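Participant: Following this line is final24.pdb, made up of PDB, C-alpha atoms and all ligand atoms:
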```pdb
ATOM      1  CA  MET A   1      20.856  55.742  15.999
ATOM      2  CA  HIS A   2      21.965  52.286  14.992
ATOM      3  CA  VAL A   3      20.649  49.733  17.498
ATOM      4  CA  VAL A   4      22.188  46.305  17.701
ATOM      5  CA  GLN A   5      19.937  43.789  19.380
ATOM      6  CA  GLY A   6      21.471  41.031  21.420
ATOM      7  CA  ARG A   7      23.808  40.710  24.286
ATOM      8  CA  HIS A   8      27.170  42.476  24.339
ATOM      9  CA  PRO A   9      29.957  39.872  24.574
ATOM     10  CA  ALA A  10      31.135  41.406  27.813
ATOM     11  CA  ALA A  11      27.733  40.644  29.356
ATOM     12  CA  ALA A  12      27.825  36.912  28.489
ATOM     13  CA  PRO A  13      27.477  34.614  31.511
ATOM     14  CA  PRO A  14      30.484  32.531  32.482
ATOM     15  CA  CYS A  15      30.668  29.303  30.535
ATOM     16  CA  SER A  16      28.669  26.592  32.357
ATOM     17  CA  PRO A  17      28.716  22.894  31.443
ATOM     18  CA  ALA A  18      25.736  21.716  29.387
ATOM     19  CA  PRO A  19      23.219  19.624  31.361
ATOM     20  CA  GLU A  20      23.775  15.884  30.926
ATOM     21  CA  VAL A  21      20.573  15.027  29.033
ATOM     22  CA  ALA A  22      21.036  12.539  26.228
ATOM     23  CA  PRO A  23      19.299  13.682  23.067
ATOM     24  CA  ALA A  24      16.128  11.749  22.216
ATOM     25  CA  ALA A  25      16.401   9.075  19.539
ATOM     26  CA  MET A  26      14.735   9.470  16.165
ATOM     27  CA  VAL A  27      11.134   8.487  15.460
ATOM     28  CA  THR A  28      10.523   7.529  11.829
ATOM     29  CA  LEU A  29       6.929   7.643  10.605
ATOM     30  CA  VAL A  30       6.780   5.113   7.799
ATOM     31  CA  GLY A  31       3.947   4.548   5.348
ATOM     32  CA  ALA A  32       3.641   0.817   4.654
ATOM     33  CA  GLY A  33       1.612   1.275   1.474
ATOM     34  CA  PRO A  34      -1.800  -0.220   0.702
ATOM     35  CA  GLY A  35      -1.079  -3.855   1.540
ATOM     36  CA  ASP A  36       1.034  -5.611  -1.094
ATOM     37  CA  PRO A  37       4.516  -5.677   0.484
ATOM     38  CA  GLU A  38       6.076  -5.075  -2.923
ATOM     39  CA  LEU A  39       4.503  -1.627  -2.856
ATOM     40  CA  LEU A  40       6.691  -0.510   0.028
ATOM     41  CA  THR A  41       9.211   2.135  -0.999
ATOM     42  CA  ILE A  42      12.864   1.123  -0.967
ATOM     43  CA  LYS A  43      13.394   3.712   1.752
ATOM     44  CA  ALA A  44      10.653   2.183   3.902
ATOM     45  CA  LEU A  45      12.075  -1.306   3.376
ATOM     46  CA  LYS A  46      15.566  -0.225   4.404
ATOM     47  CA  ALA A  47      14.222   1.509   7.497
ATOM     48  CA  LEU A  48      12.220  -1.596   8.416
ATOM     49  CA  GLN A  49      15.234  -3.873   8.005
ATOM     50  CA  ARG A  50      17.283  -1.642  10.337
ATOM     51  CA  ALA A  51      14.531  -1.007  12.888
ATOM     52  CA  GLN A  52      14.887  -1.938  16.542
ATOM     53  CA  THR A  53      11.391  -1.090  17.752
ATOM     54  CA  VAL A  54       8.378  -1.060  15.447
ATOM     55  CA  LEU A  55       4.986   0.290  16.554
ATOM     56  CA  TYR A  56       2.436  -0.846  13.983
ATOM     57  CA  ASP A  57      -1.263  -0.438  13.246
ATOM     58  CA  HIS A  58      -3.846  -3.056  12.340
ATOM     59  CA  LEU A  59      -3.692  -2.175   8.628
ATOM     60  CA  VAL A  60      -0.099  -3.369   8.403
ATOM     61  CA  GLY A  61      -0.125  -6.979   7.234
ATOM     62  CA  GLU A  62       1.991  -9.910   8.353
ATOM     63  CA  GLU A  63       3.954  -9.960   5.114
ATOM     64  CA  VAL A  64       5.118  -6.375   5.586
ATOM     65  CA  LEU A  65       5.981  -7.035   9.232
ATOM     66  CA  GLY A  66       7.966 -10.064   8.114
ATOM     67  CA  LEU A  67      10.368  -7.696   6.353
ATOM     68  CA  ALA A  68      11.558  -6.247   9.670
ATOM     69  CA  GLY A  69      15.007  -7.318  10.801
ATOM     70  CA  PRO A  70      15.225 -10.448  12.981
ATOM     71  CA  GLY A  71      16.079  -8.487  16.119
ATOM     72  CA  ALA A  72      13.227  -5.996  15.806
ATOM     73  CA  GLU A  73      10.694  -5.724  18.591
ATOM     74  CA  LEU A  74       7.217  -5.497  17.041
ATOM     75  CA  ILE A  75       4.595  -3.746  19.147
ATOM     76  CA  TYR A  76       0.948  -3.752  18.025
ATOM     77  CA  VAL A  77      -0.786  -0.519  18.947
ATOM     78  CA  GLY A  78      -4.152  -0.970  17.146
ATOM     79  CA  LYS A  79      -6.531   0.424  16.131
ATOM     80  CA  GLU A  80      -9.671  -0.650  14.355
ATOM     81  CA  SER A  81     -12.711   1.553  14.730
ATOM     82  CA  SER A  82     -14.409  -1.172  16.760
ATOM     83  CA  ARG A  83     -11.375  -2.259  18.795
ATOM     84  CA  HIS A  84      -9.111   0.450  20.146
ATOM     85  CA  THR A  85      -6.029  -1.264  21.457
ATOM     86  CA  MET A  86      -4.276   1.873  22.601
ATOM     87  CA  SER A  87      -5.560   5.437  22.650
ATOM     88  CA  GLN A  88      -3.903   7.967  20.380
ATOM     89  CA  ASP A  89      -2.523   9.761  23.456
ATOM     90  CA  ALA A  90      -1.059   6.524  24.784
ATOM     91  CA  ILE A  91       0.613   5.797  21.427
ATOM     92  CA  ILE A  92       2.148   9.249  21.383
ATOM     93  CA  ALA A  93       3.276   8.935  25.009
ATOM     94  CA  LEU A  94       4.903   5.581  24.243
ATOM     95  CA  MET A  95       6.778   6.966  21.218
ATOM     96  CA  VAL A  96       8.040   9.934  23.220
ATOM     97  CA  ARG A  97       9.107   7.747  26.141
ATOM     98  CA  LEU A  98      10.989   5.264  23.950
ATOM     99  CA  ALA A  99      12.709   8.056  22.031
ATOM    100  CA  ARG A 100      13.729   9.795  25.252
ATOM    101  CA  GLU A 101      15.161   6.505  26.506
ATOM    102  CA  GLY A 102      17.376   6.607  23.437
ATOM    103  CA  ARG A 103      15.504   3.895  21.495
ATOM    104  CA  PRO A 104      14.846   4.760  17.862
ATOM    105  CA  VAL A 105      11.243   4.051  16.942
ATOM    106  CA  LEU A 106       9.769   3.092  13.600
ATOM    107  CA  ARG A 107       6.097   4.014  13.542
ATOM    108  CA  LEU A 108       4.531   1.902  10.801
ATOM    109  CA  LYS A 109       1.109   2.750   9.382
ATOM    110  CA  GLY A 110      -0.946   1.538   6.459
ATOM    111  CA  GLY A 111      -0.832   3.643   3.301
ATOM    112  CA  ASP A 112       0.706   7.035   3.911
ATOM    113  CA  SER A 113       1.095   8.416   7.429
ATOM    114  CA  TYR A 114      -0.087  11.855   6.422
ATOM    115  CA  ILE A 115      -3.277  10.680   4.677
ATOM    116  CA  PHE A 116      -5.975   9.798   7.211
ATOM    117  CA  GLY A 117      -3.306   8.133   9.271
ATOM    118  CA  ARG A 118      -3.118  10.562  12.195
ATOM    119  CA  GLY A 119       0.539  10.963  11.295
ATOM    120  CA  GLY A 120       0.038  14.706  11.370
ATOM    121  CA  GLU A 121      -1.041  14.570  15.000
ATOM    122  CA  GLU A 122       1.856  12.322  15.905
ATOM    123  CA  ALA A 123       4.392  14.537  14.142
ATOM    124  CA  GLN A 124       2.948  17.591  15.917
ATOM    125  CA  ALA A 125       3.255  15.909  19.295
ATOM    126  CA  LEU A 126       6.825  14.803  18.577
ATOM    127  CA  ALA A 127       7.786  18.298  17.456
ATOM    128  CA  LEU A 128       6.300  19.821  20.604
ATOM    129  CA  ALA A 129       8.072  17.246  22.768
ATOM    130  CA  GLY A 130      11.394  18.055  21.096
ATOM    131  CA  VAL A 131      11.761  14.520  19.709
ATOM    132  CA  PRO A 132      13.447  14.387  16.288
ATOM    133  CA  PHE A 133      11.379  12.665  13.631
ATOM    134  CA  GLN A 134      11.335  11.980   9.918
ATOM    135  CA  VAL A 135       8.589  10.839   7.568
ATOM    136  CA  ILE A 136       8.919   8.196   4.866
ATOM    137  CA  PRO A 137       5.872   8.427   2.601
ATOM    138  CA  GLY A 138       3.853   5.438   1.469
ATOM    139  CA  LEU A 139       1.467   4.793  -1.379
ATOM    140  CA  SER A 140      -1.965   5.615  -0.102
ATOM    141  CA  ALA A 141      -4.799   3.102  -0.417
ATOM    142  CA  ALA A 142      -6.448   5.219  -3.136
ATOM    143  CA  GLN A 143      -3.384   5.031  -5.344
ATOM    144  CA  GLY A 144      -2.991   1.319  -4.736
ATOM    145  CA  ALA A 145      -6.666   0.630  -5.404
ATOM    146  CA  GLY A 146      -6.821   2.726  -8.575
ATOM    147  CA  ALA A 147      -3.782   1.050 -10.108
ATOM    148  CA  SER A 148      -4.718  -2.423  -9.007
ATOM    149  CA  VAL A 149      -8.346  -2.539 -10.161
ATOM    150  CA  GLY A 150      -7.997  -0.313 -13.238
ATOM    151  CA  ILE A 151      -9.512   3.014 -12.188
ATOM    152  CA  PRO A 152      -7.336   6.016 -13.095
ATOM    153  CA  LEU A 153      -8.203   8.531 -10.420
ATOM    154  CA  THR A 154      -7.879  11.463 -12.811
ATOM    155  CA  HIS A 155      -8.396  11.496 -16.561
ATOM    156  CA  ARG A 156      -8.499  14.470 -18.899
ATOM    157  CA  ASP A 157     -11.867  13.452 -20.317
ATOM    158  CA  HIS A 158     -13.552  12.505 -17.054
ATOM    159  CA  ALA A 159     -12.047  14.012 -13.927
ATOM    160  CA  ARG A 160      -9.897  17.058 -13.549
ATOM    161  CA  SER A 161      -9.867  17.052  -9.795
ATOM    162  CA  LEU A 162      -9.562  14.425  -7.138
ATOM    163  CA  VAL A 163     -10.843  14.616  -3.590
ATOM    164  CA  PHE A 164      -9.949  12.327  -0.697
ATOM    165  CA  ALA A 165     -12.496  12.410   2.110
ATOM    166  CA  THR A 166     -13.264  10.401   5.203
ATOM    167  CA  GLY A 167     -16.660   8.763   5.612
ATOM    168  CA  HIS A 168     -16.134   8.201   9.306
ATOM    169  CA  LEU A 169     -18.875   9.410  11.622
ATOM    170  CA  ARG A 170     -18.350  12.454  13.785
ATOM    171  CA  GLY A 171     -19.191  12.215  17.477
ATOM    172  CA  ASN A 172     -22.731  13.422  16.716
ATOM    173  CA  GLY A 173     -23.385  10.470  14.397
ATOM    174  CA  GLU A 174     -23.302  12.673  11.267
ATOM    175  CA  VAL A 175     -21.035  12.196   8.270
ATOM    176  CA  ASP A 176     -19.759  15.735   8.419
ATOM    177  CA  LEU A 177     -18.631  16.463   4.861
ATOM    178  CA  ASP A 178     -18.839  19.353   2.430
ATOM    179  CA  TRP A 179     -21.495  17.697   0.241
ATOM    180  CA  PRO A 180     -21.882  20.490  -2.363
ATOM    181  CA  MET A 181     -18.116  20.365  -2.974
ATOM    182  CA  LEU A 182     -18.098  16.549  -3.195
ATOM    183  CA  ALA A 183     -21.018  16.534  -5.629
ATOM    184  CA  ARG A 184     -19.241  18.706  -8.216
ATOM    185  CA  PRO A 185     -19.133  17.277 -11.736
ATOM    186  CA  ARG A 186     -15.945  16.118 -13.483
ATOM    187  CA  GLN A 187     -14.188  15.083 -10.340
ATOM    188  CA  THR A 188     -13.313  11.818  -8.654
ATOM    189  CA  VAL A 189     -14.168  11.390  -4.994
ATOM    190  CA  VAL A 190     -12.403   8.717  -2.973
ATOM    191  CA  ILE A 191     -13.869   8.040   0.442
ATOM    192  CA  TYR A 192     -11.793   6.326   3.106
ATOM    193  CA  MET A 193     -13.423   4.619   6.102
ATOM    194  CA  GLY A 194     -16.842   4.831   4.496
ATOM    195  CA  VAL A 195     -18.111   1.236   4.334
ATOM    196  CA  ALA A 196     -20.496   1.490   7.275
ATOM    197  CA  ASN A 197     -21.927   4.751   5.952
ATOM    198  CA  LEU A 198     -22.090   3.847   2.269
ATOM    199  CA  PRO A 199     -25.906   4.271   1.983
ATOM    200  CA  VAL A 200     -25.787   7.726   3.625
ATOM    201  CA  ILE A 201     -22.834   8.792   1.481
ATOM    202  CA  CYS A 202     -24.512   7.748  -1.785
ATOM    203  CA  SER A 203     -27.832   9.345  -0.917
ATOM    204  CA  ARG A 204     -26.229  12.649   0.158
ATOM    205  CA  LEU A 205     -24.234  12.837  -3.071
ATOM    206  CA  ILE A 206     -27.451  12.323  -5.056
ATOM    207  CA  ALA A 207     -29.312  14.853  -2.912
ATOM    208  CA  HIS A 208     -26.572  17.401  -3.620
ATOM    209  CA  GLY A 209     -26.781  17.056  -7.369
ATOM    210  CA  LEU A 210     -24.917  14.004  -8.664
ATOM    211  CA  ALA A 211     -27.004  11.824 -10.999
ATOM    212  CA  SER A 212     -28.104   8.588  -9.378
ATOM    213  CA  ASP A 213     -26.442   6.670 -12.238
ATOM    214  CA  THR A 214     -23.034   8.235 -11.526
ATOM    215  CA  PRO A 215     -20.539   5.340 -11.631
ATOM    216  CA  ALA A 216     -19.308   4.247  -8.213
ATOM    217  CA  ALA A 217     -17.186   1.377  -6.974
ATOM    218  CA  ILE A 218     -16.051  -0.092  -3.730
ATOM    219  CA  VAL A 219     -12.606  -1.663  -3.546
ATOM    220  CA  GLU A 220     -12.002  -4.020  -0.654
ATOM    221  CA  ARG A 221      -8.491  -5.065   0.466
ATOM    222  CA  ALA A 222      -6.910  -3.347  -2.505
ATOM    223  CA  THR A 223      -3.589  -4.779  -3.733
ATOM    224  CA  LEU A 224      -3.912  -7.889  -1.548
ATOM    225  CA  ALA A 225      -4.459 -11.401  -2.879
ATOM    226  CA  ASP A 226      -8.150 -11.336  -1.928
ATOM    227  CA  GLU A 227      -8.873  -7.864  -3.332
ATOM    228  CA  ARG A 228     -12.428  -7.306  -4.595
ATOM    229  CA  CYS A 229     -13.845  -4.505  -6.709
ATOM    230  CA  ILE A 230     -17.601  -4.065  -6.887
ATOM    231  CA  ARG A 231     -18.874  -1.636  -9.444
ATOM    232  CA  GLY A 232     -22.270  -0.023  -9.760
ATOM    233  CA  SER A 233     -23.761   3.434  -9.489
ATOM    234  CA  LEU A 234     -24.613   5.734  -6.612
ATOM    235  CA  ALA A 235     -28.101   4.202  -6.710
ATOM    236  CA  THR A 236     -27.047   0.552  -6.775
ATOM    237  CA  LEU A 237     -23.755   0.378  -4.879
ATOM    238  CA  PRO A 238     -25.136   0.206  -1.303
ATOM    239  CA  ALA A 239     -27.248  -2.887  -2.065
ATOM    240  CA  LEU A 240     -24.417  -4.495  -4.043
ATOM    241  CA  ALA A 241     -21.974  -3.935  -1.182
ATOM    242  CA  ARG A 242     -24.440  -5.381   1.316
ATOM    243  CA  ALA A 243     -25.159  -8.413  -0.855
ATOM    244  CA  ASN A 244     -21.438  -9.072  -1.260
ATOM    245  CA  ARG A 245     -20.735  -8.485   2.439
ATOM    246  CA  VAL A 246     -18.087  -5.869   1.780
ATOM    247  CA  ALA A 247     -16.063  -5.169   4.901
ATOM    248  CA  PRO A 248     -13.260  -2.742   5.815
ATOM    249  CA  PRO A 249     -10.682  -1.944   4.735
ATOM    250  CA  ALA A 250     -12.408  -0.692   1.615
ATOM    251  CA  LEU A 251     -12.528   2.511  -0.388
ATOM    252  CA  ILE A 252     -15.459   4.078  -2.185
ATOM    253  CA  ILE A 253     -14.618   5.642  -5.545
ATOM    254  CA  VAL A 254     -17.193   7.882  -7.212
ATOM    255  CA  GLY A 255     -16.985   9.452 -10.652
ATOM    256  CA  GLN A 256     -16.944   8.803 -14.401
ATOM    257  CA  VAL A 257     -13.463   7.256 -14.181
ATOM    258  CA  VAL A 258     -15.056   4.180 -12.600
ATOM    259  CA  ASP A 259     -16.548   3.357 -16.012
ATOM    260  CA  LEU A 260     -13.035   2.771 -17.390
ATOM    261  CA  GLN A 261     -12.510  -0.149 -15.019
ATOM    262  CA  PRO A 262     -13.768  -3.037 -17.180
ATOM    263  CA  LEU A 263     -11.584  -2.018 -20.117
ATOM    264  CA  LEU A 264      -8.478  -1.185 -18.116
ATOM    265  CA  SER A 265      -8.528  -4.167 -15.794
ATOM    266  CA  GLN A 266      -8.991  -6.566 -18.690
ATOM    267  CA  ALA A 267      -6.383  -4.926 -20.899
ATOM    268  CA  GLY A 268      -3.955  -4.831 -17.973
ATOM    269  CA  GLU A 269      -4.353  -8.541 -17.294
ATOM    270  CA  THR A 270      -3.967  -9.424 -20.975
ATOM    271  CA  ALA A 271      -0.788  -7.364 -21.192
ATOM    272  CA  MET A 272       0.589  -9.010 -18.092
ATOM    273  CA  LEU A 273      -0.087 -12.502 -19.437
ATOM    274  CA  GLN A 274       1.745 -11.941 -22.711
ATOM    275  CA  PRO A 275       5.386 -12.320 -21.594
ATOM    276  CA  ALA A 276       4.635 -15.584 -19.771
ATOM    277  CA  ASP A 277       2.675 -16.914 -22.764
ATOM    278  CA  ALA A 278       5.567 -16.137 -25.062
ATOM    279  CA  ALA A 279       8.037 -17.952 -22.799
TER     280      ALA A 279
HETATM  281  N1  LIG B 301      -3.159   6.091   5.858
HETATM  282  C1  LIG B 301      -3.962   5.205   5.075
HETATM  283  C2  LIG B 301      -5.441   5.363   5.373
HETATM  284  C3  LIG B 301      -5.813   4.994   6.792
HETATM  285  S1  LIG B 301      -7.523   5.174   7.113
HETATM  286  C4  LIG B 301      -3.678   5.409   3.603
HETATM  287  O1  LIG B 301      -3.003   6.376   3.222
HETATM  288  O2  LIG B 301      -4.134   4.588   2.800
HETATM  289  C5  LIG B 301      -8.103   3.522   6.927
HETATM  290  C6  LIG B 301      -8.895   3.392   5.657
HETATM  291  O3  LIG B 301      -8.025   3.330   4.539
HETATM  292  C7  LIG B 301      -9.716   2.140   5.559
HETATM  293  O4  LIG B 301     -10.929   2.241   6.287
HETATM  294  C8  LIG B 301      -9.958   2.068   4.078
HETATM  295  O5  LIG B 301     -10.945   2.985   3.672
HETATM  296  C9  LIG B 301      -8.627   2.564   3.526
HETATM  297  N2  LIG B 301      -7.728   1.455   3.193
HETATM  298  C10 LIG B 301      -6.542   1.174   3.722
HETATM  299  N3  LIG B 301      -5.982   0.104   3.134
HETATM  300  C11 LIG B 301      -6.861  -0.314   2.190
HETATM  301  C12 LIG B 301      -6.875  -1.365   1.234
HETATM  302  N4  LIG B 301      -5.859  -2.220   1.107
HETATM  303  N5  LIG B 301      -7.952  -1.469   0.425
HETATM  304  C13 LIG B 301      -8.975  -0.605   0.499
HETATM  305  N6  LIG B 301      -9.013   0.396   1.390
HETATM  306  C14 LIG B 301      -7.979   0.565   2.225
END
```
Go ahead and express the file in the form of structure tokens.
Facilitator:
Amino acid sequence: MHVVQGRHPAAAPPCSPAPEVAPAAMVTLVGAGPGDPELLTIKALKALQRAQTVLYDHLVGEEVLGLAGPGAELIYVGKESSRHTMSQDAIIALMVRLAREGRPVLRLKGGDSYIFGRGGEEAQALALAGVPFQVIPGLSAAQGAGASVGIPLTHRDHARSLVFATGHLRGNGEVDLDWPMLARPRQTVVIYMGVANLPVICSRLIAHGLASDTPAAIVERATLADERCIRGSLATLPALARANRVAPPALIIVGQVVDLQPLLSQAGETAMLQPADAA
């Protein structure tokens, strides 16, 4: 027998008017890039210029915020690891409330929203709340740092895989990472949020098989005017970072590609100087 699922037209209820609930406004999750405002995407810039309400994190700098339209309301929602301005739940609740009031929201985060930005959690919550959202990607700090200081994150001769990991402590005080996987040869490891745990990170990588002279660097405030890159090895980097008072935001980059930095940063600067010299 052929069975047709679904209601027979004759059984349809009488037409009733739709309830008068205005649809929620759109939330746009925008990645602001690593810091230099010129590294915003054109799409992000356009969205920022049109925005009415911007909820931004501490990693978003003044220069990027300055690109918002004159009428935009800018709301700071935190958060630094030491200073939580608003809990993640409160941020989500605020986005949902504004959207349901019909106010489009631009949620602006450093780097890319979907890379250690909790954008995934926010998108999930918006989806579950029935709030429409879109995501505009941003350059992540690792990409900005690599390009800016002269460390190609992959290279056929040195690194055929690339891992992004977080060096943030778990609730139990442990850096809960897959150390054997991170200590594989011929790969680049980029660790976000790892400054405070740099000594633990370096010693675990050595304990799991990486040579203590494996090149390693820490890049502070990548792409910004006061960017610093400190280069050493797994054995020497913790002391170098301490001596130079490295502070967040900074990324740890581990792998043979770090050794290319002196050549590539110098060559890059020389190349950039040439047109001006010729003028
Ligand atoms: N969503 C962001 C990452 C947020 S987690 C992105 O895609 O880049 C915050 C961490 O990002 C910081 O602790 C730091 O490790 C890194 N970070 C962000 N901006 C940085 C910058 N300009 N220079 C170096 N590291 C940065």
Participant: Find the residues with any atom within 12 Å of (12.7, 2.2, 0.4); use all atoms listed in the file and the coordinates as given in the file, and write the answer as a PyMOL selection string.
Facilitator: chain A and resi 30-33+37-50+67+135-139
Participant: Would you pick out the contacts of region 252-268 of chain A at 6 Å or less, using all atoms listed in the file, so that residues sharing its chain but fewer than 6 positions from it are not included, and give the list as a PyMOL selection string?
Facilitator: chain A and resi 149-151+158+188-191+215-218
Participant: Could you give me the residues within 6 Å of ligand LIG 301 (chain B), counting all atoms listed in the file, as a list in words?
Facilitator: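 Protein and nucleic-acid residues within 6 Å of ligand LIG 301 (chain B): Pro34, Gly35, Gly110, Gly111, Asp112, Ser113, Ile115, Phe116, Gly117, Ser140, Ala141, Tyr192, Met193, Val219, Glu220, Arg221, Ala222, Thr223, Pro248, Pro249, Ala250 and Leu251 of chain A.
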Participant: Taking C-alpha atoms for each residue, export the selection above as a compact mmCIF listing (two decimals), keeping the file's coordinate frame.
Facilitator:
```txt
# COMPACT_ATOMS: atom_id res chain seq x y z
CA PRO A 34 -1.80 -0.22 0.70
CA GLY A 35 -1.08 -3.86 1.54
CA GLY A 110 -0.95 1.54 6.46
CA GLY A 111 -0.83 3.64 3.30
CA ASP A 112 0.71 7.04 3.91
CA SER A 113 1.10 8.42 7.43
CA ILE A 115 -3.28 10.68 4.68
CA PHE A 116 -5.98 9.80 7.21
CA GLY A 117 -3.31 8.13 9.27
CA SER A 140 -1.96 5.62 -0.10
CA ALA A 141 -4.80 3.10 -0.42
CA TYR A 192 -11.79 6.33 3.11
CA MET A 193 -13.42 4.62 6.10
CA VAL A 219 -12.61 -1.66 -3.55
CA GLU A 220 -12.00 -4.02 -0.65
CA ARG A 221 -8.49 -5.07 0.47
CA ALA A 222 -6.91 -3.35 -2.50
CA THR A 223 -3.59 -4.78 -3.73
CA PRO A 248 -13.26 -2.74 5.82
CA PRO A 249 -10.68 -1.94 4.74
CA ALA A 250 -12.41 -0.69 1.62
CA LEU A 251 -12.53 2.51 -0.39
```
Participant: If the PyMOL selection byres (((chain A and resi 129) around 12) and not hetatm) were run on this exact file, what residues would it hold? Put them as a list of chain:residue names.
Facilitator: A:Pro23, A:Ala24, A:Val27, A:Ile92, A:Ala93, A:Met95, A:Val96, A:Arg97, A:Ala99, A:Arg100, A:Glu122, A:Ala123, A:Gln124, A:Ala125, A:Leu126, A:Ala127, A:Leu128, A:Gly130, A:Val131, A:Pro132, A:Phe133
Participant: Near region 101-107 of chain A, within 6 Å and counting all atoms listed in the file, which residues show up once chain neighbours fewer than 3 positions away are dropped, as an MDAnalysis selection string?
Facilitator: chainID A and resid 24:30 53:55 98
Participant: Pick the closest to Ile201 (chain A) from A:Pro70, A:Gly119, A:Gly78, A:Pro238: which is it, counting only C-alpha atoms?
Facilitator: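 So, comparing all the options, the nearest one is A:Pro238.
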Participant: Record the distance separating CA of Gly69 (chain A) and CA of Ser148 (chain A), expressed in Å with one decimal.
Facilitator: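 Separation between CA of Gly69 (chain A) and CA of Ser148 (chain A): 28.4 Å.
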Participant: Written as a list in words, which residues does the PyMOL selection byres (((chain A and resi 211) around 10) and not hetatm) give for the file shown?
Facilitator: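 Those residues are Ala183, Pro185, Leu205, Ile206, Ala207, His208, Gly209, Leu210, Ser212, Asp213, Thr214, Pro215, Ser233, Leu234 and Ala235 of chain A.
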Participant: Distance CA of His168 (chain A)-CA of Asn197 (chain A), one decimal place?
Facilitator: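 Separation between CA of His168 (chain A) and CA of Asn197 (chain A): 7.5 Å.
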Participant: Which neighbours of Ala159 (chain A) fall inside 6 Å, counting all atoms listed in the file, when residues of the same chain fewer than 2 positions from it are skipped, and could you give them as a ChimeraX atom specification?
Facilitator: /A:154-155,161,186-188
Participant: Care to translate the PyMOL selection byres (((chain A and resi 60-62) around 7) and not hetatm) into actual residues of this file, as a CSV table (one decimal) with C-alpha atoms, keeping the file's coordinate frame?
Facilitator:
```csv
chain,number,residue,atom,x,y,z
A,32,ALA,CA,3.6,0.8,4.7
A,35,GLY,CA,-1.1,-3.9,1.5
A,56,TYR,CA,2.4,-0.8,14.0
A,57,ASP,CA,-1.3,-0.4,13.2
A,58,HIS,CA,-3.8,-3.1,12.3
A,59,LEU,CA,-3.7,-2.2,8.6
A,63,GLU,CA,4.0,-10.0,5.1
A,64,VAL,CA,5.1,-6.4,5.6
A,65,LEU,CA,6.0,-7.0,9.2
A,66,GLY,CA,8.0,-10.1,8.1
A,109,LYS,CA,1.1,2.8,9.4
A,110,GLY,CA,-0.9,1.5,6.5
```
Participant: Quick one: distance from CA of Asp157 (chain A) to CA of Ser203 (chain A) in Å, one decimal?
Facilitator: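 Here the two named atoms are 25.5 Å from each other.
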Participant: Just region 116-128 of chain A from the block, N, CA and C atoms, as a JSON list (two decimals), in the first residue's frame, could you?
Facilitator:
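The resulting file, result_39.json, is reproduced below:
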```json
[["chain", "number", "residue", "atom", "x", "y", "z"],
["A", 116, "PHE", "N", 39.05, 30.33, 19.28],
["A", 116, "PHE", "CA", 39.21, 30.69, 20.70],
["A", 116, "PHE", "C", 38.51, 32.00, 21.05],
["A", 117, "GLY", "N", 37.38, 32.23, 20.42],
["A", 117, "GLY", "CA", 36.70, 33.49, 20.67],
["A", 117, "GLY", "C", 35.35, 33.28, 21.33],
["A", 118, "ARG", "N", 35.00, 32.04, 21.62],
["A", 118, "ARG", "CA", 33.69, 31.68, 22.16],
["A", 118, "ARG", "C", 32.56, 32.06, 21.22],
["A", 119, "GLY", "N", 32.91, 32.33, 19.96],
["A", 119, "GLY", "CA", 31.88, 32.62, 18.97],
["A", 119, "GLY", "C", 31.00, 31.40, 18.73],
["A", 120, "GLY", "N", 31.59, 30.23, 18.83],
["A", 120, "GLY", "CA", 30.82, 29.01, 18.65],
["A", 120, "GLY", "C", 29.71, 28.89, 19.68],
["A", 121, "GLU", "N", 30.05, 29.21, 20.92],
["A", 121, "GLU", "CA", 29.03, 29.15, 21.98],
["A", 121, "GLU", "C", 27.94, 30.19, 21.75],
["A", 122, "GLU", "N", 28.36, 31.37, 21.31],
["A", 122, "GLU", "CA", 27.38, 32.43, 21.10],
["A", 122, "GLU", "C", 26.46, 32.08, 19.93],
["A", 123, "ALA", "N", 27.05, 31.55, 18.86],
["A", 123, "ALA", "CA", 26.22, 31.17, 17.70],
["A", 123, "ALA", "C", 25.24, 30.07, 18.09],
["A", 124, "GLN", "N", 25.71, 29.11, 18.90],
["A", 124, "GLN", "CA", 24.82, 28.03, 19.36],
["A", 124, "GLN", "C", 23.63, 28.61, 20.12],
["A", 125, "ALA", "N", 23.94, 29.51, 21.05],
["A", 125, "ALA", "CA", 22.88, 30.09, 21.88],
["A", 125, "ALA", "C", 21.89, 30.88, 21.02],
["A", 126, "LEU", "N", 22.42, 31.61, 20.03],
["A", 126, "LEU", "CA", 21.53, 32.39, 19.16],
["A", 126, "LEU", "C", 20.64, 31.45, 18.35],
["A", 127, "ALA", "N", 21.24, 30.38, 17.84],
["A", 127, "ALA", "CA", 20.46, 29.42, 17.05],
["A", 127, "ALA", "C", 19.35, 28.82, 17.89],
["A", 128, "LEU", "N", 19.68, 28.45, 19.12],
["A", 128, "LEU", "CA", 18.67, 27.83, 20.00],
["A", 128, "LEU", "C", 17.58, 28.82, 20.39]]
```
